[in-house]
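Undergrad: One structure, as structure tokens, below. Some questions next.
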Amino acid sequence: MSIVADYPSVGSHRGLHRHHKHEVEKVPSQHFRVGYQKVTLDIDLAERTIYGETEITALPLESSLKEIKLDCRNIQIKSVIINQRRANFNYGDFSQNDEYMNDPENPVLADYKYNPYTETNSDNISISQHHLYRGKFYPLYSDQNNSDHPSVAQQRQTSELVIKIPDSINLRLQSNASRPTLSSPMGTTRSINGTPVTANSLMNSDRVYTPLNLKIIYTVKNSRNGIRFFGGRNTSIPRDRWFCYTFNNDLHTSASTWVPCIDNFNEKPAWDINIVVPKTIGDIGREKIIGTKEAEEALRQIQLEEMDEDDADVDAVGESKVEEGGTKVDDGAKDEDTKKGENDEETTDKDLSADDNKPDESSDNGVDESRQIVVAVPDLVSFKETPHKVDMSKKVVNFQFYNPVSAHHLGFAIGPFEKVPLLEPSPSNGKLVPRKAFLASFADENEEPLDMSMEANSNKVPTMYYFLPGRREEVVNSTLFMYKALNFYSKEFSSFPFTSYTVVFLEDFPSDVCTFAGMTIASDKLLYGPRLIEPSFKTTDILSSALAEQYSGVNVLPKSLNDIWCTTGLAGYMSLQFLKKLYGVNMFKYMIRQKSELLCRLDINKRPMSNQHFRFPINWHLDLEFLRLKAPLILYILNQRMVRTDRSFGLSRVIPKIFLQAMSNDLAHGNCLSTSHFQHVCEKVVHHKLDGFFENWVHNPGVPRFTISQKFNKKRMFIEMSIRQTQSSTKMKRLAVENDEELTLPEMRRYVQQFKNKYFIDEADQMITGEESFEPLPAFTGPITIRIHEADGTPYEHILYIREPYTKFDIQYNTKYRRTRRRKEGLLDDSEENKSSNSEGYLGDILMTSSEAAKWGLKEDAADESTNIAEMQSYAFEWMRFDADNEWICEKHINVSDEMQESMLQQDRDVDAQMEAMQYFGNIVRPKLHFANILLRTLLDTRYFYGVRIEAAHALARISGEDNDHIGMRYLLRAFKRCYCYNHNSASSYDEFDPKEYHPLPNDFSCYTDMLVMKSIVQSLSEVRNQDGDSPIELKKIILTIFRYNDNMDNEFDDSLFVCEMLRSLSLIIEHSKKFLPNHKVSVLDNVEATADIGLEISREAMMEINRAVKMDGLQSSYHNCITVTAFEEKLNLCKRGLIKLRFEELIKYTHPRNDTEIRLMAFRALLLLGGLRNTAVLRLLFVTLKLEKSEYLKESLGELFVESIGSEANEGTLVDAEPSHENSQGINHVESQVRNSNGTMSSSLSIVQEESTNDIMESRKIQMARKTINGRIEILRNDIADKSGLKDILWDAVHSCLLPIGIKRDLLDAIALLYPAENSFKINTDLPADKKGRCPLE
């Protein structure tokens, strides 16, 4: 054995970039294939250690093969044997120097030689030589993108373990008859209904030489990457919560941290996995070797249990015979015998525990040590569980994969889990099993429902859910839809690609989900009880997408890195189609529109989907977030264009073809899909070329932005239309980036800002490495459908083809022209004639009579006699739809009249058309009173989809202003009172600004759409402002009343998330007031002197209500402590605007481990966003927590938070000093001087503006201009935080830590490269030779 001492230096790779580039096509592939790999893992949950052994059958492809390279890191290699011969190996994992430096048993350090110039702890190099340190891990953190040839970009094999083949082994060419056979005793079916594929197919087309059987013995200690532990010795976590699981978020670097293998998508051998675990919780950390005293006691215990079971069987038989003979059994005697047996068993247990000399850390109260340790495996059909051959306290669980599976997708979980099978219709009557009866059937661990589930499932896929004790009801409630998803995917696309499906819900899981072959490991944060409504949408979306990834993402793999969009898009498209089936068409179109709006905001300065710039190693959860948004939408519009000719020519035919090709190994490398092949299959289905579509949407970035103008030419009987594309305009791109206020929903605006901060390092990374920037095409080409509803009400569709940035069309008018009689904007009388004349059945035709209008206080605009008659005559059609078939993802602005938008809103049943009209009325510059009436009728008409009603509520808030006497606010208040308050049937003469009139009724969320609309009304009211930016005083009092009298006592559902939205509304009215609150902890019990400033007094009362909600949440916890977290988040927002002060001392106490994880995370967020990047103590606390924290979820979240805080500093700025002193009333000026907004000027949210000198104004303008460019933001970061508060030393120490996982180290190295320019030189110290001195002997 030897250790690699020389590592690639920066000089061995071209360029001085922060990454080392290489040409993928020039990297030689290994000249062998892996046909079979057996893995045995002995897992010690107490010591968080794995004792592993793997046997690999390597099939050489040439006789000159001298070495075998395997991916292997963070592993201690004990020995390597090839064909019964001990082999030498080089282990080049540089992280070993950090990982096991203090481990005296580590043989890796035996031949290690210290390098005083490039060693990690050397004084000669500093953070400016970060690229030298990164080069030690080459190619782990290197830049492996290939912009010139994106279709061949691959993540390079790290090959830390290099095994030398002994010279005594001769590689001879094998004949077909002598080739080894790798067959499965259970058969080799790819799926239950699939095509047989064996590992022998790997050898059929290659020249194979003498097989090499490698046996590697190794140890994994305290793994932090591909396999992770929860609990263990010396932790406060009780034993019945200890578990271990695989984690594969880091692409091609996860499995190789717990087993030496070839960790890429191209190598897919047959797998045989053996997992050795304790039998029970009590057996953790104990050994019962056969022949020892402990083993004899365990054997005696087993015999006693078997005797008790036999006695129970005999009693049962006796009882049945007695019942047949008619003899009655004495219940008292039977109970006495039972008690005696129980006492004997207790005595035996006490004796056994007394004889056990080993200490038991899990002597926690309430821990059931007899609970079985369960291994959740992906193969529920053929897995085996056998006793250990030597240790009676252990068992061996075996499962196998004989269909192609890459190492990245091997997964399992170990712990004291409970299990529940798939809940689906009963075989007898087709109805769902009732929840209570279903749960009762598992009370005694009855296994019969499992058998029922296997037989009842329509596509015969056994499905099982595993979870920790106490979460059964939540698991059943959260997964009710899964049987529908399985059936839908199987019928619409293909049979399930694996023999069974397993879902594991784990506590403290670092990600939402991780997908493995036949298995999904998910966070228990996705679970929700039957009393919650809102989480169901997110959980259903995530779990249905995870199930779709089993088809595309695991079964079908991307051929190259830039084909990931294809597999990700297919899975997302499948999930969207299922959600369409589950929720309905209206909800589906509403989701598509929301996602499209987000994409139009985010797809600015991005790269094409087929030429991405990844950071390595790729984080599957974070780095693909943008692709998960865009790729399914692109496939959706592709399907819309394909079905134009025939409904059967869509992706519903393409996707099954691809899955069939993967099943029959007709794709590249068996089951790898490329972009070109996907396009080829689509073209075969639709029977025409799709080069234009893929060039526009796949191989180029951005989305089109249309400006459409139309005019009716009465003489020619044509509609003259011009379409201009403005996406390449610099002004339009700047407006698209800066103007996020057009997004209606507050959560969408928060998401966009968070997204920009989170991925700022990615954007800066491309700039630093000199990557090519891509501009959107000046003209997106393709057909577009324009639907015109002409004067007689008939819709006519016109299909036009766009080829240029500016296009003019003449659209034929089909109806004989006559002047259109438009409906009057006024009110109707109560006569029967008028009622019958209005019986057309339009949507929004409520509150149309004079009496209803008087009751609701509706107002109409005064008649304008100067109306342009020519303009009225030009209304030749009712309304127009641009892109009626949703074939484009775009922003569009069209010059149609208000009346046309009203007609479209009322008569077009398409949700997308209604949303378009809502946004038009909400964004109009000078709204009429009639528009407010339209929006109110839309809000109140329950026939509209609830999303349209929510949009109407926000539109009313946007048009409300002092110039129209806040008509939108008044209508929102009336709608809330009439629908959700006491005395809702009162006359219209009530005082509409009296808070007593708005006491809400007790909550009743039985109709969830009413709940969502009510929530949106409260949100919208809090967004209403006067011209000075403050909310009306009367409105503030009403919102306070609504919050105070919120009553959920008799509600069947939980209102935690509803309260969170009201807390955000209270925070908004404090923000709008611009009044500084000296004490943000003010309580209703405090004796606070009243102030003459009404605005300040209301802000204080709102803060009291926020603090009261937090205290109530402490007494009875809400869902994931969401109320406390939301209050914390809103206080952070207020502090960033200088309205309250949060001292670091009070924030740090919330980071203590005794607090809930979400609260700790929010405390760290506040520390970082309020100037923590400049505070040495905060940075030390952050990185000490990163290193020593036991919660993997918190550790991963803190890594993401650090990256986001750097983006926030660059994009928005932050507080220079988070602890300002406010000793007097002039203190607010000090806060104002510390707050810098995103434009670099003083925050406009403060009521008093500090006078600035000319130099300060010039400096603010310079910062404002600098933040508009990526280079300017990078320079601001380097000047403001790079050299402040010891960040340099803390970061440099952190990247050398052995306690951080690969993903966090990657982010830290990228942050260092952003903040500190690389220097390709360093100082060295040498000892100069001493001066020569002559010696002269004295006589």
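Residue numbers start at 1 in each chain; chains themselves are named A, B, ... in the order of the structure tokens; ligands are numbered from 1 in the order shown.
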Need the shell around Asn477 in chain A: protein/DNA/RNA residues with any atom at most 8 Å away, counting only C-alpha atoms. Skip same-chain ones fewer than 6 positions apart. Format as a ChimeraX atom specification?

TA: /A:528-530

Undergrad: Just to be explicit: take each residue in the selection above, keep N, CA, C and O atoms, and write the result as a PDB file, in the first residue's frame.

TA:
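The resulting file, result-v5.pdb, is shown below:
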```
ATOM      1  N   TYR A 528     -48.451  16.336   7.431  1.00  0.00           N
ATOM      2  CA  TYR A 528     -49.428  17.227   8.054  1.00  0.00           C
ATOM      3  C   TYR A 528     -50.623  16.402   8.488  1.00  0.00           C
ATOM      4  O   TYR A 528     -50.953  15.372   7.904  1.00  0.00           O
ATOM      5  N   GLY A 529     -51.266  16.864   9.546  1.00  0.00           N
ATOM      6  CA  GLY A 529     -52.415  16.148  10.090  1.00  0.00           C
ATOM      7  C   GLY A 529     -53.702  16.491   9.375  1.00  0.00           C
ATOM      8  O   GLY A 529     -53.758  17.386   8.530  1.00  0.00           O
ATOM      9  N   PRO A 530     -54.776  15.813   9.741  1.00  0.00           N
ATOM     10  CA  PRO A 530     -56.070  16.055   9.079  1.00  0.00           C
ATOM     11  C   PRO A 530     -56.676  17.418   9.408  1.00  0.00           C
ATOM     12  O   PRO A 530     -57.639  17.814   8.764  1.00  0.00           O
TER      13      PRO A 530
END
```

Undergrad: Please list as a list in words every residue within 7 Å of Phe616 in chain A, counting only C-alpha atoms and excluding residues in the same chain fewer than 5 positions away.

TA: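 After dropping sequence-adjacent residues, the list is Leu140, Tyr141, Ser142 and Asp143 of chain A.
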
Undergrad: Could you please write out, as a PyMOL selection string, every residue of range 630-667 of chain A that DSSP assigns to helix (DSSP H, G or I)?

TA: chain A and resi 630-642+651-663

Undergrad: List the spatial neighbours of Leu1198 in chain A as a PyMOL selection string - criterion: any atom at most 12 Å away, only C-alpha atoms, same-chain residues fewer than 3 positions off excluded.

TA: chain A and resi 510+1151+1157-1158+1160-1168+1179+1181-1187+1189+1191-1195+1201-1205+1300+1303-1304+1307-1308

Undergrad: Produce a file of the selected residues containing N, CA and C atoms, as a short mmCIF file (atom, residue, chain, number, x, y, z; two decimals), in the first residue's frame.

TA:
```cif
data_model
loop_
_atom_site.label_atom_id
_atom_site.label_comp_id
_atom_site.auth_asym_id
_atom_site.auth_seq_id
_atom_site.Cartn_x
_atom_site.Cartn_y
_atom_site.Cartn_z
N PRO A 510 -32.13 16.56 5.68
CA PRO A 510 -31.60 17.84 5.19
C PRO A 510 -32.32 18.41 3.98
N THR A 1151 -30.48 30.88 19.30
CA THR A 1151 -29.70 29.87 18.55
C THR A 1151 -29.33 28.67 19.41
N THR A 1157 -35.71 23.82 15.80
CA THR A 1157 -34.76 24.02 14.71
C THR A 1157 -35.13 25.22 13.85
N GLU A 1158 -36.40 25.38 13.52
CA GLU A 1158 -36.81 26.50 12.68
C GLU A 1158 -36.58 27.84 13.37
N ARG A 1160 -34.21 28.42 15.62
CA ARG A 1160 -32.75 28.63 15.59
C ARG A 1160 -32.31 29.13 14.22
N LEU A 1161 -32.87 28.54 13.19
CA LEU A 1161 -32.50 28.95 11.84
C LEU A 1161 -32.89 30.40 11.58
N MET A 1162 -34.07 30.80 12.04
CA MET A 1162 -34.49 32.18 11.85
C MET A 1162 -33.62 33.14 12.65
N ALA A 1163 -33.15 32.72 13.84
CA ALA A 1163 -32.25 33.57 14.63
C ALA A 1163 -30.93 33.78 13.90
N PHE A 1164 -30.39 32.72 13.32
CA PHE A 1164 -29.16 32.86 12.54
C PHE A 1164 -29.39 33.76 11.32
N ARG A 1165 -30.54 33.63 10.70
CA ARG A 1165 -30.84 34.49 9.56
C ARG A 1165 -30.83 35.96 9.97
N ALA A 1166 -31.45 36.24 11.11
CA ALA A 1166 -31.47 37.63 11.59
C ALA A 1166 -30.06 38.12 11.89
N LEU A 1167 -29.25 37.28 12.50
CA LEU A 1167 -27.88 37.69 12.82
C LEU A 1167 -27.09 38.04 11.56
N LEU A 1168 -27.22 37.21 10.54
CA LEU A 1168 -26.44 37.44 9.32
C LEU A 1168 -26.96 38.63 8.52
N LEU A 1179 -19.82 35.43 13.36
CA LEU A 1179 -19.23 34.51 12.39
C LEU A 1179 -18.66 33.28 13.08
N LEU A 1181 -19.68 32.01 15.93
CA LEU A 1181 -20.83 31.20 16.36
C LEU A 1181 -21.40 30.42 15.19
N LEU A 1182 -21.54 31.06 14.04
CA LEU A 1182 -22.09 30.40 12.86
C LEU A 1182 -21.25 29.20 12.46
N PHE A 1183 -19.95 29.36 12.36
CA PHE A 1183 -19.12 28.28 11.84
C PHE A 1183 -18.84 27.22 12.89
N VAL A 1184 -18.84 27.56 14.16
CA VAL A 1184 -18.77 26.52 15.19
C VAL A 1184 -20.02 25.67 15.15
N THR A 1185 -21.18 26.30 14.95
CA THR A 1185 -22.43 25.54 14.83
C THR A 1185 -22.40 24.68 13.58
N LEU A 1186 -21.88 25.22 12.47
CA LEU A 1186 -21.77 24.43 11.25
C LEU A 1186 -20.95 23.17 11.46
N LYS A 1187 -19.90 23.27 12.24
CA LYS A 1187 -19.00 22.13 12.43
C LYS A 1187 -19.53 21.13 13.44
N GLU A 1189 -22.75 21.02 15.00
CA GLU A 1189 -24.18 20.79 15.11
C GLU A 1189 -24.55 19.35 14.77
N SER A 1191 -27.73 18.38 14.20
CA SER A 1191 -28.86 18.39 13.27
C SER A 1191 -28.35 18.59 11.85
N GLU A 1192 -28.53 17.58 11.01
CA GLU A 1192 -28.10 17.69 9.62
C GLU A 1192 -28.94 18.72 8.86
N TYR A 1193 -30.20 18.82 9.20
CA TYR A 1193 -31.07 19.80 8.54
C TYR A 1193 -30.60 21.22 8.84
N LEU A 1194 -30.30 21.50 10.09
CA LEU A 1194 -29.84 22.84 10.44
C LEU A 1194 -28.48 23.12 9.82
N LYS A 1195 -27.60 22.12 9.78
CA LYS A 1195 -26.28 22.33 9.20
C LYS A 1195 -26.38 22.69 7.72
N LEU A 1201 -27.91 29.44 4.09
CA LEU A 1201 -28.16 30.78 4.61
C LEU A 1201 -26.93 31.67 4.46
N PHE A 1202 -25.75 31.12 4.68
CA PHE A 1202 -24.52 31.91 4.50
C PHE A 1202 -24.39 32.39 3.05
N VAL A 1203 -24.67 31.50 2.11
CA VAL A 1203 -24.62 31.88 0.70
C VAL A 1203 -25.68 32.95 0.40
N GLU A 1204 -26.87 32.77 0.94
CA GLU A 1204 -27.94 33.75 0.69
C GLU A 1204 -27.62 35.11 1.31
N SER A 1205 -26.98 35.10 2.48
CA SER A 1205 -26.65 36.38 3.13
C SER A 1205 -25.63 37.16 2.31
N LEU A 1300 -17.25 19.31 7.97
CA LEU A 1300 -18.24 19.86 7.03
C LEU A 1300 -18.43 18.91 5.85
N GLY A 1303 -20.93 19.38 0.14
CA GLY A 1303 -21.72 20.47 -0.42
C GLY A 1303 -21.43 21.81 0.23
N ILE A 1304 -21.31 21.83 1.57
CA ILE A 1304 -21.03 23.09 2.26
C ILE A 1304 -19.62 23.56 1.94
N ASP A 1307 -19.68 25.36 -1.33
CA ASP A 1307 -20.20 26.72 -1.23
C ASP A 1307 -19.19 27.67 -0.60
N LEU A 1308 -18.47 27.20 0.41
CA LEU A 1308 -17.48 28.06 1.05
C LEU A 1308 -16.33 28.37 0.11
#
```

Undergrad: Env of Asp845 in chain A: 8 Å cut, atoms = only C-alpha atoms, seq-sep filter 3 positions within chain, self excluded. Answer as a PyMOL selection string.

TA: chain A and resi 841-842+848+906+937

Undergrad: For the selection just defined, write its residues with C-alpha atoms to a file, as a PDB file, in the first residue's frame.

TA:
```pdb
ATOM      1  CA  GLY A 841     -75.816  33.962 -17.431  1.00  0.00           C
ATOM      2  CA  TYR A 842     -72.596  35.964 -17.455  1.00  0.00           C
ATOM      3  CA  MET A 848     -76.788  44.399 -10.704  1.00  0.00           C
ATOM      4  CA  GLN A 906     -67.501  37.842 -17.655  1.00  0.00           C
ATOM      5  CA  ARG A 937     -68.563  41.376  -8.201  1.00  0.00           C
TER       6      ARG A 937
END
```

Undergrad: Find the residues around range 1092-1109 of chain A up to 6 Å (only C-alpha atoms counted), leave out those fewer than 3 positions away in its own chain, and share them as a list in words.

TA: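 Here the answer would be Leu1066, Ile1070, Lys1075, Val1082, Ser1083 and Met1112 of chain A.
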
Undergrad: Okay, now the selection with N, CA and C atoms, as a tab-separated table (two decimals), in the first residue's frame?

TA:
```tsv
chain	number	residue	atom	x	y	z
A	1066	LEU	N	-50.23	42.64	10.20
A	1066	LEU	CA	-49.91	43.55	11.29
A	1066	LEU	C	-48.53	44.17	11.09
A	1070	ILE	N	-47.35	48.31	10.61
A	1070	ILE	CA	-46.25	48.94	11.36
A	1070	ILE	C	-45.24	49.52	10.39
A	1075	LYS	N	-42.98	54.56	12.05
A	1075	LYS	CA	-42.76	55.04	13.41
A	1075	LYS	C	-41.83	54.06	14.13
A	1082	VAL	N	-42.87	44.79	23.80
A	1082	VAL	CA	-43.97	45.34	24.57
A	1082	VAL	C	-45.10	44.34	24.67
A	1083	SER	N	-45.71	44.28	25.85
A	1083	SER	CA	-46.78	43.31	26.13
A	1083	SER	C	-48.00	44.05	26.64
A	1112	MET	N	-48.70	32.69	23.01
A	1112	MET	CA	-49.70	31.63	22.87
A	1112	MET	C	-49.10	30.44	22.13
```

Undergrad: With only C-alpha atoms as the counted atoms, please give the residues lying no more than 10 Å from Gly793 in chain A, apart from itself and same-chain residues fewer than 4 positions off, as a compact mmCIF listing (two decimals) with C-alpha atoms, in the first residue's frame.

TA:
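Output below, filename part_9.txt:
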```txt
# COMPACT_ATOMS: atom_id res chain seq x y z
CA ILE A 788 -61.41 36.94 -31.63
CA HIS A 789 -64.98 36.94 -30.33
CA THR A 815 -69.09 39.07 -39.30
CA PHE A 877 -65.58 42.64 -31.60
CA GLU A 878 -66.33 41.67 -28.02
CA TRP A 879 -62.83 40.66 -26.90
CA GLN A 907 -67.96 35.62 -20.69
```

Undergrad: Report the closest atom pair, with its distance in Å rounded to one decimal, for each residue of range 459-535 of chain A that has an atom no farther than 9 Å from range 1043-1054 of chain A; count only C-alpha atoms, sort by chain and then rising residue number, and write it as a tab-separated table.

TA:
```
residue	atom	partner	partner_atom	distance
A:Pro530	CA	A:Phe1053	CA	7.7
A:Arg531	CA	A:Phe1053	CA	4.2
A:Leu532	CA	A:Asp1054	CA	5.5
A:Ile533	CA	A:Phe1053	CA	7.5
```

Undergrad: Have a look at CA of Glu474 in chain A and CA of Val504 in chain A and let me know their distance in Å, one decimal.

TA: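 Distance between the two atoms: 13.0 Å.
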
Undergrad: Would you mind telling me which residue in A:His1072, A:Lys419, A:Arg1064, A:Arg233 lies nearest to Met464 in chain A when using only C-alpha atoms?

TA: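 Result for the nearest residue to Met464 in chain A: A:Lys419.
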
Undergrad: Just the residues within 10 Å of Asn933 in chain A, please, counting only C-alpha atoms, with nothing from its chain fewer than 2 positions along; format it as a VMD selection string.

TA: chain A and resid 825 844 847 to 848 853 858 to 860 928 to 931 935 to 939 956 967 to 968 971

Undergrad: If I take CA of Leu422 in chain A and CA of Tyr483 in chain A, how far is one from the other in Å, to one decimal?

TA: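 Separation between CA of Leu422 in chain A and CA of Tyr483 in chain A: 6.9 Å.
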
Undergrad: Please indicate the distance in Å from CA of Leu486 in chain A to CA of Cys1007 in chain A, rounded to one decimal place.

TA: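 Result for CA of Leu486 in chain A versus CA of Cys1007 in chain A: 27.8 Å, one decimal.
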